[in-house]
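Engineer: Structure supplied as upload28.txt; contents: compact mmCIF, C-alpha atoms.
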```
# COMPACT_ATOMS: atom_id res chain seq x y z
CA MET A 1 -25.85 -38.79 -54.64
CA GLY A 2 -26.45 -35.70 -52.50
CA ILE A 3 -27.59 -32.40 -53.96
CA TYR A 4 -24.06 -30.98 -53.66
CA GLU A 5 -22.66 -33.85 -55.68
CA GLU A 6 -25.46 -33.39 -58.21
CA LEU A 7 -24.56 -29.73 -58.64
CA GLN A 8 -20.98 -30.80 -59.27
CA ALA A 9 -22.05 -33.44 -61.77
CA ARG A 10 -24.17 -30.88 -63.62
CA GLY A 11 -21.16 -28.57 -63.92
CA LEU A 12 -22.64 -25.79 -61.80
CA ILE A 13 -19.95 -25.29 -59.16
CA ALA A 14 -16.83 -23.30 -60.00
CA GLN A 15 -15.34 -22.18 -56.67
CA VAL A 16 -16.21 -22.62 -53.02
CA THR A 17 -14.97 -21.73 -49.58
CA ASP A 18 -15.26 -24.30 -46.78
CA GLU A 19 -16.27 -27.12 -49.10
CA ASP A 20 -16.84 -29.75 -46.41
CA GLU A 21 -19.13 -27.46 -44.43
CA ILE A 22 -21.00 -26.40 -47.56
CA ARG A 23 -21.55 -30.02 -48.59
CA GLU A 24 -22.82 -30.87 -45.11
CA LEU A 25 -25.30 -27.99 -45.00
CA ILE A 26 -26.64 -28.42 -48.53
CA ASN A 27 -26.97 -32.20 -48.45
CA ASN A 28 -28.82 -32.08 -45.13
CA GLY A 29 -31.15 -29.24 -46.06
CA LYS A 30 -29.63 -26.85 -43.51
CA ALA A 31 -28.50 -24.07 -45.83
CA THR A 32 -30.23 -20.70 -45.82
CA PHE A 33 -28.75 -19.11 -48.90
CA TYR A 34 -29.25 -16.03 -50.98
CA ILE A 35 -28.81 -14.94 -54.57
CA GLY A 36 -29.09 -11.28 -55.54
CA PHE A 37 -31.01 -9.81 -58.46
CA ASP A 38 -30.49 -6.17 -59.43
CA PRO A 39 -33.73 -4.76 -60.90
CA THR A 40 -32.26 -3.25 -64.06
CA ALA A 41 -35.32 -4.13 -66.19
CA ASP A 42 -38.99 -5.00 -65.70
CA SER A 43 -38.41 -8.67 -66.49
CA LEU A 44 -35.95 -11.38 -65.61
CA HIS A 45 -34.02 -12.76 -68.57
CA VAL A 46 -32.18 -15.92 -69.59
CA GLY A 47 -29.13 -14.74 -67.67
CA HIS A 48 -31.15 -15.05 -64.43
CA PHE A 49 -32.60 -18.39 -65.43
CA MET A 50 -29.70 -20.48 -64.15
CA ALA A 51 -29.87 -18.84 -60.74
CA LEU A 52 -33.61 -19.52 -60.51
CA CYS A 53 -33.11 -23.17 -61.46
CA LEU A 54 -30.39 -23.51 -58.83
CA MET A 55 -32.65 -22.02 -56.17
CA LYS A 56 -35.38 -24.49 -57.12
CA ARG A 57 -33.00 -27.46 -56.94
CA LEU A 58 -31.76 -26.47 -53.51
CA GLN A 59 -35.24 -25.72 -52.19
CA ASP A 60 -36.47 -29.11 -53.41
CA ALA A 61 -33.63 -30.62 -51.35
CA GLY A 62 -34.90 -28.90 -48.19
CA ASN A 63 -32.78 -25.76 -48.19
CA LYS A 64 -34.20 -22.26 -47.77
CA PRO A 65 -33.68 -19.67 -50.52
CA ILE A 66 -33.61 -15.93 -50.05
CA ALA A 67 -34.18 -13.93 -53.22
CA LEU A 68 -32.50 -10.60 -52.57
CA LEU A 69 -33.86 -7.80 -54.71
CA GLY A 70 -31.39 -4.99 -55.23
CA GLY A 71 -33.71 -2.08 -54.60
CA GLY A 72 -30.78 -0.31 -52.93
CA THR A 73 -27.82 -1.47 -55.00
CA GLY A 74 -29.93 -0.78 -58.08
CA TYR A 75 -29.28 2.90 -57.40
CA ILE A 76 -25.60 2.26 -58.16
CA GLY A 77 -25.15 -0.78 -60.40
CA ASP A 78 -22.55 -3.53 -60.37
CA PRO A 79 -19.41 -2.70 -62.41
CA SER A 80 -18.59 -6.41 -62.88
CA GLY A 81 -18.20 -7.31 -66.54
CA ARG A 82 -19.06 -3.80 -67.69
CA THR A 83 -17.07 -1.30 -69.73
CA ASP A 84 -19.19 1.71 -68.89
CA MET A 85 -21.31 3.04 -66.07
CA ARG A 86 -24.90 1.85 -65.82
CA SER A 87 -27.54 4.52 -66.35
CA MET A 88 -29.35 5.78 -63.25
CA MET A 89 -32.91 4.66 -62.58
CA THR A 90 -35.64 6.51 -60.70
CA PRO A 91 -36.96 5.06 -57.41
CA GLU A 92 -40.31 4.45 -59.12
CA THR A 93 -38.68 2.42 -61.91
CA ILE A 94 -36.66 0.37 -59.42
CA GLN A 95 -39.76 -0.45 -57.37
CA HIS A 96 -41.76 -1.39 -60.49
CA ASN A 97 -38.98 -3.72 -61.64
CA CYS A 98 -38.80 -5.34 -58.19
CA ASP A 99 -42.55 -6.01 -58.29
CA CYS A 100 -42.21 -7.65 -61.73
CA PHE A 101 -39.33 -9.84 -60.50
CA LYS A 102 -41.34 -11.12 -57.56
CA LYS A 103 -44.20 -12.23 -59.77
CA GLN A 104 -41.87 -14.12 -62.13
CA MET A 105 -39.80 -15.73 -59.38
CA SER A 106 -42.91 -17.22 -57.83
CA LYS A 107 -43.14 -19.59 -60.80
CA PHE A 108 -39.89 -21.23 -59.70
CA ILE A 109 -39.69 -20.75 -55.96
CA ASP A 110 -42.28 -21.65 -53.30
CA PHE A 111 -42.60 -18.64 -51.00
CA SER A 112 -45.48 -20.11 -49.00
CA GLU A 113 -45.25 -20.85 -45.26
CA GLY A 114 -41.77 -19.38 -44.92
CA LYS A 115 -40.19 -21.89 -47.31
CA ALA A 116 -38.40 -19.03 -49.03
CA LEU A 117 -37.99 -15.31 -48.47
CA MET A 118 -37.95 -12.32 -50.74
CA VAL A 119 -36.00 -9.42 -49.28
CA ASN A 120 -35.14 -5.98 -50.65
CA ASN A 121 -31.79 -4.48 -49.68
CA ALA A 122 -33.35 -1.03 -49.91
CA ASP A 123 -34.74 -1.82 -46.44
CA TRP A 124 -31.30 -1.31 -44.89
CA LEU A 125 -29.17 0.45 -47.50
CA LEU A 126 -31.36 3.51 -48.05
CA ASP A 127 -31.42 4.40 -44.35
CA LEU A 128 -27.68 4.08 -43.72
CA ASN A 129 -25.84 6.94 -42.07
CA TYR A 130 -22.71 7.63 -44.08
CA ILE A 131 -20.41 8.32 -41.13
CA ASP A 132 -21.68 5.31 -39.18
CA MET A 133 -21.20 3.11 -42.25
CA LEU A 134 -17.62 4.32 -42.70
CA ARG A 135 -16.77 3.66 -39.05
CA GLU A 136 -18.49 0.28 -38.84
CA ILE A 137 -17.62 -1.25 -42.21
CA GLY A 138 -14.79 0.80 -43.73
CA PRO A 139 -11.94 -0.54 -41.56
CA HIS A 140 -12.63 -4.09 -42.75
CA PHE A 141 -11.87 -3.37 -46.43
CA SER A 142 -8.44 -2.87 -47.95
CA VAL A 143 -8.44 -0.52 -50.94
CA ASN A 144 -5.38 -2.29 -52.33
CA ARG A 145 -7.19 -5.64 -52.27
CA MET A 146 -10.33 -4.16 -53.76
CA LEU A 147 -8.43 -2.64 -56.69
CA ALA A 148 -6.78 -6.01 -57.33
CA ALA A 149 -10.22 -7.63 -57.85
CA GLU A 150 -10.90 -8.52 -61.48
CA CYS A 151 -14.26 -6.72 -61.49
CA TYR A 152 -12.52 -3.42 -60.77
CA LYS A 153 -9.41 -4.00 -62.87
CA GLN A 154 -11.56 -4.32 -65.98
CA ARG A 155 -13.20 -0.96 -65.32
CA MET A 156 -10.06 0.91 -64.30
CA GLU A 157 -8.94 1.25 -67.93
CA LYS A 158 -11.97 3.32 -68.90
CA GLY A 159 -12.59 4.90 -65.53
CA LEU A 160 -14.17 3.61 -62.33
CA THR A 161 -16.34 6.06 -60.43
CA PHE A 162 -16.35 6.23 -56.65
CA LEU A 163 -20.06 5.43 -56.88
CA GLU A 164 -19.33 2.06 -58.50
CA PHE A 165 -16.33 1.46 -56.24
CA ASN A 166 -18.75 1.20 -53.32
CA TYR A 167 -20.64 -1.73 -54.86
CA MET A 168 -18.41 -4.41 -53.29
CA ILE A 169 -18.88 -2.88 -49.85
CA MET A 170 -22.63 -2.70 -50.29
CA GLN A 171 -22.90 -6.30 -51.51
CA SER A 172 -20.75 -7.47 -48.62
CA PHE A 173 -22.96 -5.53 -46.23
CA ASP A 174 -25.98 -7.30 -47.74
CA PHE A 175 -24.61 -10.69 -46.70
CA TYR A 176 -23.80 -9.34 -43.23
CA MET A 177 -27.38 -8.06 -42.78
CA LEU A 178 -28.93 -11.26 -44.14
CA TYR A 179 -26.76 -13.31 -41.78
CA GLN A 180 -27.73 -11.14 -38.80
CA ASN A 181 -31.45 -10.81 -39.54
CA TYR A 182 -32.39 -14.00 -41.37
CA GLY A 183 -29.78 -16.61 -40.42
CA CYS A 184 -28.42 -16.66 -43.97
CA ASN A 185 -25.29 -18.82 -43.87
CA MET A 186 -24.46 -19.11 -47.57
CA GLN A 187 -24.35 -17.00 -50.71
CA PHE A 188 -24.37 -18.01 -54.36
CA GLY A 189 -23.43 -16.01 -57.42
CA GLY A 190 -21.67 -16.05 -60.77
CA ASP A 191 -17.93 -16.52 -61.00
CA ASP A 192 -17.61 -12.81 -61.87
CA GLN A 193 -18.99 -12.10 -58.37
CA TRP A 194 -16.27 -14.02 -56.52
CA ALA A 195 -14.44 -10.98 -55.10
CA ASN A 196 -17.68 -9.36 -53.93
CA MET A 197 -18.81 -12.56 -52.24
CA LEU A 198 -15.48 -13.11 -50.52
CA GLY A 199 -15.82 -9.58 -49.17
CA GLY A 200 -19.11 -10.52 -47.53
CA THR A 201 -17.75 -13.72 -46.02
CA GLU A 202 -14.71 -11.93 -44.62
CA LEU A 203 -16.81 -9.06 -43.25
CA ILE A 204 -19.00 -11.45 -41.24
CA ARG A 205 -16.00 -13.29 -39.82
CA ARG A 206 -14.17 -10.08 -38.93
CA LYS A 207 -17.23 -8.56 -37.29
CA LEU A 208 -18.54 -11.66 -35.56
CA GLY A 209 -15.48 -13.88 -35.18
CA LYS A 210 -13.75 -16.49 -37.31
CA ASN A 211 -16.19 -19.18 -36.23
CA ALA A 212 -19.15 -17.36 -37.76
CA CYS A 213 -20.76 -19.59 -40.35
CA ALA A 214 -20.56 -17.76 -43.66
CA MET A 215 -19.91 -19.67 -46.89
CA THR A 216 -19.62 -18.72 -50.53
CA ILE A 217 -20.06 -20.70 -53.70
CA THR A 218 -20.00 -19.61 -57.34
CA LEU A 219 -21.77 -20.98 -60.38
CA LEU A 220 -19.76 -21.96 -63.41
CA LEU A 221 -22.16 -20.61 -66.00
CA ASN A 222 -23.69 -17.56 -64.40
CA SER A 223 -21.32 -15.02 -65.92
CA GLU A 224 -21.68 -16.89 -69.22
CA GLY A 225 -25.39 -16.69 -68.62
CA LYS A 226 -25.21 -12.91 -68.74
CA LYS A 227 -23.94 -13.28 -72.31
CA MET A 228 -26.55 -15.90 -73.12
CA GLY A 229 -29.95 -14.77 -74.22
CA LYS A 230 -28.55 -11.92 -76.28
CA THR A 231 -29.80 -11.78 -79.86
CA GLN A 232 -29.64 -9.19 -82.58
CA ASN A 233 -32.98 -7.88 -81.36
CA GLY A 234 -32.04 -7.67 -77.66
CA ALA A 235 -32.34 -9.94 -74.65
CA VAL A 236 -34.38 -13.13 -74.29
CA TRP A 237 -36.82 -12.32 -71.51
CA LEU A 238 -38.89 -14.56 -69.26
CA ASP A 239 -41.88 -12.24 -69.61
CA PRO A 240 -44.06 -13.60 -72.47
CA GLU A 241 -45.03 -10.04 -73.40
CA LYS A 242 -41.38 -9.24 -74.13
CA THR A 243 -40.28 -12.62 -75.55
CA SER A 244 -43.10 -14.88 -76.74
CA PRO A 245 -43.07 -18.58 -75.75
CA PHE A 246 -42.42 -19.39 -79.42
CA ASP A 247 -39.39 -17.09 -79.60
CA PHE A 248 -38.17 -18.42 -76.26
CA TYR A 249 -38.46 -21.99 -77.58
CA GLN A 250 -36.75 -21.02 -80.82
CA TYR A 251 -33.82 -19.46 -78.97
CA TRP A 252 -33.01 -22.75 -77.24
CA ARG A 253 -33.88 -24.82 -80.31
CA ASN A 254 -31.21 -22.95 -82.26
CA ILE A 255 -28.47 -23.11 -79.66
CA GLY A 256 -25.04 -24.28 -80.86
CA ASP A 257 -24.18 -27.96 -81.08
CA THR A 258 -21.34 -27.55 -78.60
CA ASP A 259 -23.62 -26.00 -75.96
CA VAL A 260 -26.78 -28.10 -76.11
CA LEU A 261 -25.75 -30.97 -73.82
CA LYS A 262 -24.06 -28.59 -71.38
CA CYS A 263 -27.30 -26.60 -71.14
CA ILE A 264 -29.43 -29.73 -70.74
CA ARG A 265 -27.21 -30.80 -67.86
CA MET A 266 -27.17 -27.41 -66.15
CA LEU A 267 -30.67 -26.10 -66.74
CA THR A 268 -33.15 -28.95 -67.06
CA PHE A 269 -34.41 -31.20 -64.30
CA LEU A 270 -34.03 -34.39 -66.34
CA PRO A 271 -32.28 -37.19 -64.43
CA LEU A 272 -28.52 -37.26 -64.85
CA GLU A 273 -28.70 -40.90 -65.93
CA GLU A 274 -30.91 -39.92 -68.86
CA ILE A 275 -28.62 -37.01 -69.79
CA ASP A 276 -25.50 -39.16 -69.60
CA LYS A 277 -26.90 -41.35 -72.36
CA MET A 278 -26.98 -38.30 -74.64
CA ASP A 279 -23.24 -37.70 -74.34
CA SER A 280 -22.58 -39.93 -77.34
CA TRP A 281 -25.22 -38.25 -79.50
CA GLU A 282 -24.06 -36.55 -82.69
CA GLY A 283 -25.38 -35.37 -86.03
CA ALA A 284 -29.17 -35.50 -86.30
CA GLN A 285 -29.40 -36.67 -82.70
CA LEU A 286 -28.20 -33.25 -81.56
CA ASN A 287 -31.30 -31.74 -83.17
CA THR A 288 -33.37 -34.06 -81.00
CA ALA A 289 -31.37 -32.88 -77.99
CA LYS A 290 -32.10 -29.27 -78.92
CA GLU A 291 -35.81 -30.02 -79.08
CA ILE A 292 -35.62 -31.62 -75.64
CA LEU A 293 -33.79 -28.60 -74.24
CA ALA A 294 -36.18 -26.09 -75.81
CA TYR A 295 -39.28 -27.98 -74.68
CA GLU A 296 -38.12 -28.54 -71.09
CA LEU A 297 -37.08 -24.92 -70.56
CA THR A 298 -40.19 -23.48 -72.22
CA LYS A 299 -42.29 -25.73 -69.98
CA LEU A 300 -40.46 -24.46 -66.89
CA VAL A 301 -40.97 -20.80 -67.79
CA HIS A 302 -44.31 -20.74 -69.62
CA GLY A 303 -46.03 -23.98 -68.71
CA GLU A 304 -46.65 -27.27 -70.47
CA GLU A 305 -49.44 -26.01 -72.73
CA GLU A 306 -47.33 -23.19 -74.17
CA ALA A 307 -44.37 -25.55 -74.56
CA GLU A 308 -46.52 -27.94 -76.57
CA LYS A 309 -47.79 -25.11 -78.79
CA ALA A 310 -44.29 -23.77 -79.35
CA GLN A 311 -42.92 -27.19 -80.24
CA GLU A 312 -45.76 -27.95 -82.63
CA SER A 313 -45.38 -24.55 -84.28
CA ALA A 314 -41.62 -24.92 -84.64
CA ARG A 315 -41.98 -28.37 -86.21
CA ALA A 316 -44.68 -27.12 -88.55
CA LEU A 317 -42.53 -24.18 -89.53
CA PHE A 318 -39.61 -26.30 -90.61
CA SER A 319 -41.62 -29.13 -92.10
CA GLN A 320 -44.39 -27.22 -93.84
CA GLY A 321 -43.23 -23.61 -93.88
CA ALA A 322 -46.08 -22.36 -91.68
CA ALA A 323 -46.87 -22.17 -87.98
CA ALA A 324 -50.26 -21.51 -86.48
CA GLN A 325 -48.91 -20.37 -83.12
CA MET A 326 -46.04 -18.26 -84.45
CA PRO A 327 -45.83 -14.71 -83.03
CA THR A 328 -48.15 -12.53 -85.09
CA ALA A 329 -47.75 -8.95 -86.24
CA GLU A 330 -50.68 -7.00 -87.62
CA ILE A 331 -50.73 -4.35 -90.34
CA THR A 332 -53.70 -2.33 -91.51
CA ALA A 333 -54.91 -0.99 -94.83
CA ASP A 334 -53.38 2.36 -93.86
CA ASP A 335 -49.95 0.69 -93.96
CA LEU A 336 -50.42 -0.20 -97.62
CA ALA A 337 -49.44 3.17 -99.10
CA ASP A 338 -50.31 3.29 -102.79
CA GLY A 339 -51.65 -0.25 -102.51
CA GLY A 340 -48.54 -1.90 -101.10
CA ILE A 341 -45.94 -2.03 -98.33
CA ASP A 342 -42.20 -2.21 -98.95
CA ILE A 343 -39.99 -4.88 -97.35
CA LEU A 344 -38.13 -2.44 -95.10
CA THR A 345 -41.32 -1.02 -93.62
CA LEU A 346 -42.72 -4.53 -93.30
CA LEU A 347 -39.70 -5.69 -91.29
CA LEU A 348 -39.98 -2.64 -89.03
CA LYS A 349 -43.75 -3.01 -88.52
CA SER A 350 -43.34 -6.71 -87.70
CA GLY A 351 -40.93 -5.96 -84.86
CA LEU A 352 -38.13 -8.05 -86.35
CA VAL A 353 -35.86 -5.00 -86.60
CA PRO A 354 -35.63 -1.79 -84.55
CA SER A 355 -34.90 0.50 -87.52
CA LYS A 356 -35.07 0.69 -91.30
CA SER A 357 -31.29 0.88 -91.50
CA GLU A 358 -31.04 -2.53 -89.83
CA ALA A 359 -33.80 -3.80 -92.12
CA ARG A 360 -31.80 -2.63 -95.14
CA ARG A 361 -28.66 -4.43 -93.91
CA ALA A 362 -30.61 -7.63 -93.27
CA VAL A 363 -32.04 -7.63 -96.82
CA GLN A 364 -28.74 -6.75 -98.47
CA GLN A 365 -26.95 -9.51 -96.54
CA GLY A 366 -29.45 -12.11 -97.70
CA GLY A 367 -31.00 -12.72 -94.30
CA VAL A 368 -34.66 -12.03 -95.15
CA ALA A 369 -37.26 -14.38 -96.63
CA VAL A 370 -41.00 -14.13 -97.28
CA ASP A 371 -42.96 -17.38 -97.37
CA GLY A 372 -39.71 -19.26 -97.87
CA GLU A 373 -38.46 -17.06 -100.72
CA LYS A 374 -35.35 -14.95 -100.10
CA VAL A 375 -35.81 -11.20 -100.63
CA THR A 376 -32.73 -9.27 -101.79
CA ASP A 377 -34.35 -6.15 -103.26
CA ILE A 378 -34.72 -3.40 -100.64
CA GLN A 379 -37.45 -1.81 -102.77
CA LYS A 380 -39.57 -4.95 -102.94
CA VAL A 381 -43.26 -4.10 -102.40
CA PHE A 382 -46.06 -6.43 -101.31
CA THR A 383 -49.72 -5.82 -102.11
CA SER A 384 -52.71 -6.94 -100.07
CA ASP A 385 -52.80 -10.20 -102.04
CA ALA A 386 -49.60 -11.32 -100.27
CA PHE A 387 -51.46 -11.45 -96.95
CA THR A 388 -54.44 -13.60 -97.98
CA GLY A 389 -55.22 -16.85 -96.23
CA GLU A 390 -53.22 -17.45 -93.03
CA GLY A 391 -51.01 -14.41 -93.63
CA MET A 392 -47.40 -13.95 -94.64
CA ILE A 393 -44.47 -15.77 -92.99
CA LEU A 394 -41.65 -13.25 -92.60
CA LYS A 395 -38.21 -14.53 -91.63
CA LYS A 396 -35.06 -12.67 -90.55
CA GLY A 397 -31.90 -14.72 -90.08
CA LYS A 398 -32.20 -18.34 -89.03
CA LYS A 399 -34.09 -17.86 -85.81
CA ASN A 400 -36.54 -14.97 -86.06
CA PHE A 401 -40.02 -15.38 -87.59
CA ARG A 402 -43.29 -13.46 -87.69
CA LYS A 403 -46.66 -14.24 -89.18
CA VAL A 404 -47.88 -10.95 -90.63
CA VAL A 405 -51.62 -10.56 -91.11
CA LEU A 406 -53.64 -7.77 -92.70
CA GLN A 407 -56.49 -6.50 -90.56
```
Take the structure I supplied and represent it as structure tokens, if you would.

Structural biologist:
Amino acid sequence: MGIYEELQARGLIAQVTDEDEIRELINNGKATFYIGFDPTADSLHVGHFMALCLMKRLQDAGNKPIALLGGGTGYIGDPSGRTDMRSMMTPETIQHNCDCFKKQMSKFIDFSEGKALMVNNADWLLDLNYIDMLREIGPHFSVNRMLAAECYKQRMEKGLTFLEFNYMIMQSFDFYMLYQNYGCNMQFGGDDQWANMLGGTELIRRKLGKNACAMTITLLLNSEGKKMGKTQNGAVWLDPEKTSPFDFYQYWRNIGDTDVLKCIRMLTFLPLEEIDKMDSWEGAQLNTAKEILAYELTKLVHGEEEAEKAQESARALFSQGAAAQMPTAEITADDLADGGIDILTLLLKSGLVPSKSEARRAVQQGGVAVDGEKVTDIQKVFTSDAFTGEGMILKKGKKNFRKVVLQ
């Protein structure tokens, strides 16, 4: 089985252009391909994870990845899948986020000896002359066709700014520049990016002739991936300072029964033969599958040692009600006003909620427990005695835990 066929078997390919040519290039290690990452935060998140895994698979098969950082397009923001305009970022924030991305990507992709490239589209987009851009690129785009694209149709109802309208042209220009300067002959992206990617393929062929080699392929789960990793407390990040290895493990350990085998197939590097045997698993076996998924992905992102710790802690949590390596929150004697701390303040101090109003809702809805005992009284107060020994185990919902210790 070639790598193209493996991607199909793992359910990663949704749409392609020029399938025979794409299969030939990928299976023979001749593809130079890119995937774009807009630097909207200072960490990659689970939504990017599938793209990184795909890049690793293709690189392992001899193909050359280009990680395109959107230092230029980050000034605008992609309207795809959005109902409102993205907030503007300063140049300093964009550059900081790009630097953070590069460090994290290096865990997945080998950039040594020219095996992969990291490119920033700010290098060409920020120096463009507006009139020259209109004359060179504008005639190749039909406004009628652009407005028919799903990514724009969704935004038209609430208002699409001219700023955002330019995103498709800029992304298409990215592919054109990567093709010209780096020999990039293929682009990958989520199925919500299909119209933008077709624009790039068509631009190259119109500018350089129909025989120009420019291919597109979309990933089945990438737009779903943007929805994945979202919890009540925000996104699931790859940066351990933003999402601890334990919380990362717990996110995958608590994934739905209907998604676990799909995620194992798409995201892990376990052999397909081994995964196929899991297709008949049900009941308690699905919990085993979830452990496998959580362990494998935590190992990929945080390393084997952290994956082992997270798994041991998770098992200890559910079997004994405690976990030595659980994320820890510290409170001080100053937090114990009048000798105690109330449950709402405790939830806020632990980082499990962003506000006391959300803490109140969580308690009133029965989603909070302390050392295994549900707390339903929003005025419940805990004295210093509650934090003796290993500390207090604070739980919100089914997935979120903190060990709270008194310093």

Engineer: Near Glu241 (chain A), counting all atoms listed in the file, which residues have an atom at most 12 Å away, once you skip same-chain residues fewer than 6 positions from it, shown as a list in words?

Structural biologist: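 With the cut-off at 12 Å, the set is Asp42, Ser43, Asp247, Phe248, His302 and Pro327 of chain A.
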
Engineer: Show me, as CSV, the residues of region 239-353 of chain A having an atom within 12 Å of region 379-394 of chain A, each with the closest atom pair and its distance in Å, using all atoms listed in the file.

Structural biologist:
```
residue,atom,partner,partner_atom,distance
A:Leu317,CA,A:Ile393,CA,9.3
A:Phe318,CA,A:Ile393,CA,11.8
A:Gln320,CA,A:Ile393,CA,11.5
A:Gly321,CA,A:Ile393,CA,8.0
A:Ala322,CA,A:Ile393,CA,6.9
A:Ala323,CA,A:Ile393,CA,8.5
A:Ala324,CA,A:Glu390,CA,8.3
A:Gln325,CA,A:Glu390,CA,11.2
A:Met326,CA,A:Ile393,CA,9.0
A:Pro327,CA,A:Ile393,CA,10.1
A:Thr328,CA,A:Gly391,CA,9.2
A:Ala329,CA,A:Gly391,CA,9.7
A:Glu330,CA,A:Gly391,CA,9.5
A:Ile331,CA,A:Phe387,CA,9.7
A:Thr332,CA,A:Ser384,CA,9.8
A:Ala333,CA,A:Ser384,CA,8.2
A:Asp334,CA,A:Ser384,CA,11.2
A:Asp335,CA,A:Ser384,CA,10.2
A:Leu336,CA,A:Thr383,CA,7.2
A:Ala337,CA,A:Thr383,CA,9.5
A:Asp338,CA,A:Thr383,CA,9.2
A:Gly339,CA,A:Thr383,CA,5.9
A:Gly340,CA,A:Thr383,CA,4.2
A:Ile341,CA,A:Val381,CA,5.3
A:Asp342,CA,A:Val381,CA,4.1
A:Ile343,CA,A:Lys380,CA,5.6
A:Leu344,CA,A:Gln379,CA,7.7
A:Thr345,CA,A:Val381,CA,9.5
A:Leu346,CA,A:Leu394,CA,8.8
A:Leu347,CA,A:Leu394,CA,7.9
A:Leu348,CA,A:Leu394,CA,11.3
A:Lys349,CA,A:Leu394,CA,11.2
A:Ser350,CA,A:Leu394,CA,8.3
A:Gly351,CA,A:Leu394,CA,10.7
A:Leu352,CA,A:Leu394,CA,8.9
A:Val353,CA,A:Leu394,CA,11.7
```

Engineer: Place a sphere of radius 8 Å on (-28.2, -13.1, -57.1) in the file coordinates and name every protein, DNA or RNA residue with an atom inside or on its surface, counting all atoms listed in the file; give the answer as an MDAnalysis selection string.

Structural biologist: chainID A and resid 34:38 51 67:68 188:189

Engineer: Quick one: distance from CA of Gln8 (chain A) to CA of Leu270 (chain A) in Å, one decimal?

Structural biologist: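 Result for CA of Gln8 (chain A) versus CA of Leu270 (chain A): 15.3 Å, one decimal.
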
Engineer: With all atoms listed in the file as the atoms that count, which of A:Gln171, A:Gln364, A:Gly397, A:Leu300 lies nearest to Ser106 (chain A)?

Structural biologist: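 Closest to Ser106 (chain A) of all the choices is A:Leu300.
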
Engineer: Please compute the CA of Gly138 (chain A)-CA of Ile169 (chain A) distance, one decimal, in Å.

Structural biologist: 8.2 Å

Engineer: For a quick check of your reading of the model, name the residues lying within 12 Å of the coordinate (-30.8, -31.3, -77.5), counting all atoms listed in the file, and write them as a PyMOL selection string.

Structural biologist: chain A and resi 252-265+267-268+275+277-297

Engineer: Please, what distance in Å, to one decimal, runs between CA of Asn129 (chain A) and CA of Leu147 (chain A)?

Structural biologist: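 According to the coordinates, CA of Asn129 (chain A) and CA of Leu147 (chain A) are separated by 24.7 Å.
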
Engineer: Give me, as a tab-separated table, the closest atom pair and its distance (Å, one decimal) for every residue of region 151-230 of chain A within a cut-off of 12 Å of region 57-63 of chain A, counting only C-alpha atoms, rows sorted by chain and rising number.

Structural biologist:
```
residue	atom	partner	partner_atom	distance
A:Cys184	CA	A:Asn63	CA	10.9
A:Asn185	CA	A:Asn63	CA	11.1
A:Met186	CA	A:Asn63	CA	10.7
A:Phe188	CA	A:Leu58	CA	11.3
```

Engineer: Could you write out the selected residues, including C-alpha atoms, as a short mmCIF file (atom, residue, chain, number, x, y, z; two decimals), keeping the file's coordinate frame?

Structural biologist:
```cif
data_model
loop_
_atom_site.label_atom_id
_atom_site.label_comp_id
_atom_site.auth_asym_id
_atom_site.auth_seq_id
_atom_site.Cartn_x
_atom_site.Cartn_y
_atom_site.Cartn_z
CA CYS A 184 -28.42 -16.66 -43.97
CA ASN A 185 -25.29 -18.82 -43.87
CA MET A 186 -24.46 -19.11 -47.57
CA PHE A 188 -24.37 -18.01 -54.36
#
```

Engineer: Can you tell me, as a list in words, what residues are no more than 12 Å from Asp239 (chain A) when counting only C-alpha atoms, ignoring any on the same chain fewer than 6 positions away?

Structural biologist: Ala41, Asp42, Ser43, Leu44, His45, Val46, Phe49, Cys100, Phe101, Lys103, Gln104, Met105, Lys107, Pro245, Asp247, Phe248, Thr298, Val301 and His302 of chain A

Engineer: Reconstruct region 214-220 of chain A at the level of N, CA and C atoms, and format the result as a CSV table (one decimal), in the frame of the given file.

Structural biologist:
```csv
chain,number,residue,atom,x,y,z
A,214,ALA,N,-20.3,-18.5,-42.5
A,214,ALA,CA,-20.6,-17.8,-43.7
A,214,ALA,C,-19.8,-18.4,-44.8
A,215,MET,N,-20.5,-18.9,-45.8
A,215,MET,CA,-19.9,-19.7,-46.9
A,215,MET,C,-20.2,-19.0,-48.2
A,216,THR,N,-19.4,-19.2,-49.2
A,216,THR,CA,-19.6,-18.7,-50.5
A,216,THR,C,-19.4,-19.8,-51.5
A,217,ILE,N,-20.1,-19.7,-52.6
A,217,ILE,CA,-20.1,-20.7,-53.7
A,217,ILE,C,-20.4,-20.0,-55.0
A,218,THR,N,-19.7,-20.3,-56.1
A,218,THR,CA,-20.0,-19.6,-57.3
A,218,THR,C,-20.5,-20.6,-58.4
A,219,LEU,N,-21.2,-20.1,-59.3
A,219,LEU,CA,-21.8,-21.0,-60.4
A,219,LEU,C,-20.9,-20.8,-61.6
A,220,LEU,N,-20.6,-21.9,-62.2
A,220,LEU,CA,-19.8,-22.0,-63.4
A,220,LEU,C,-20.3,-21.1,-64.5
```
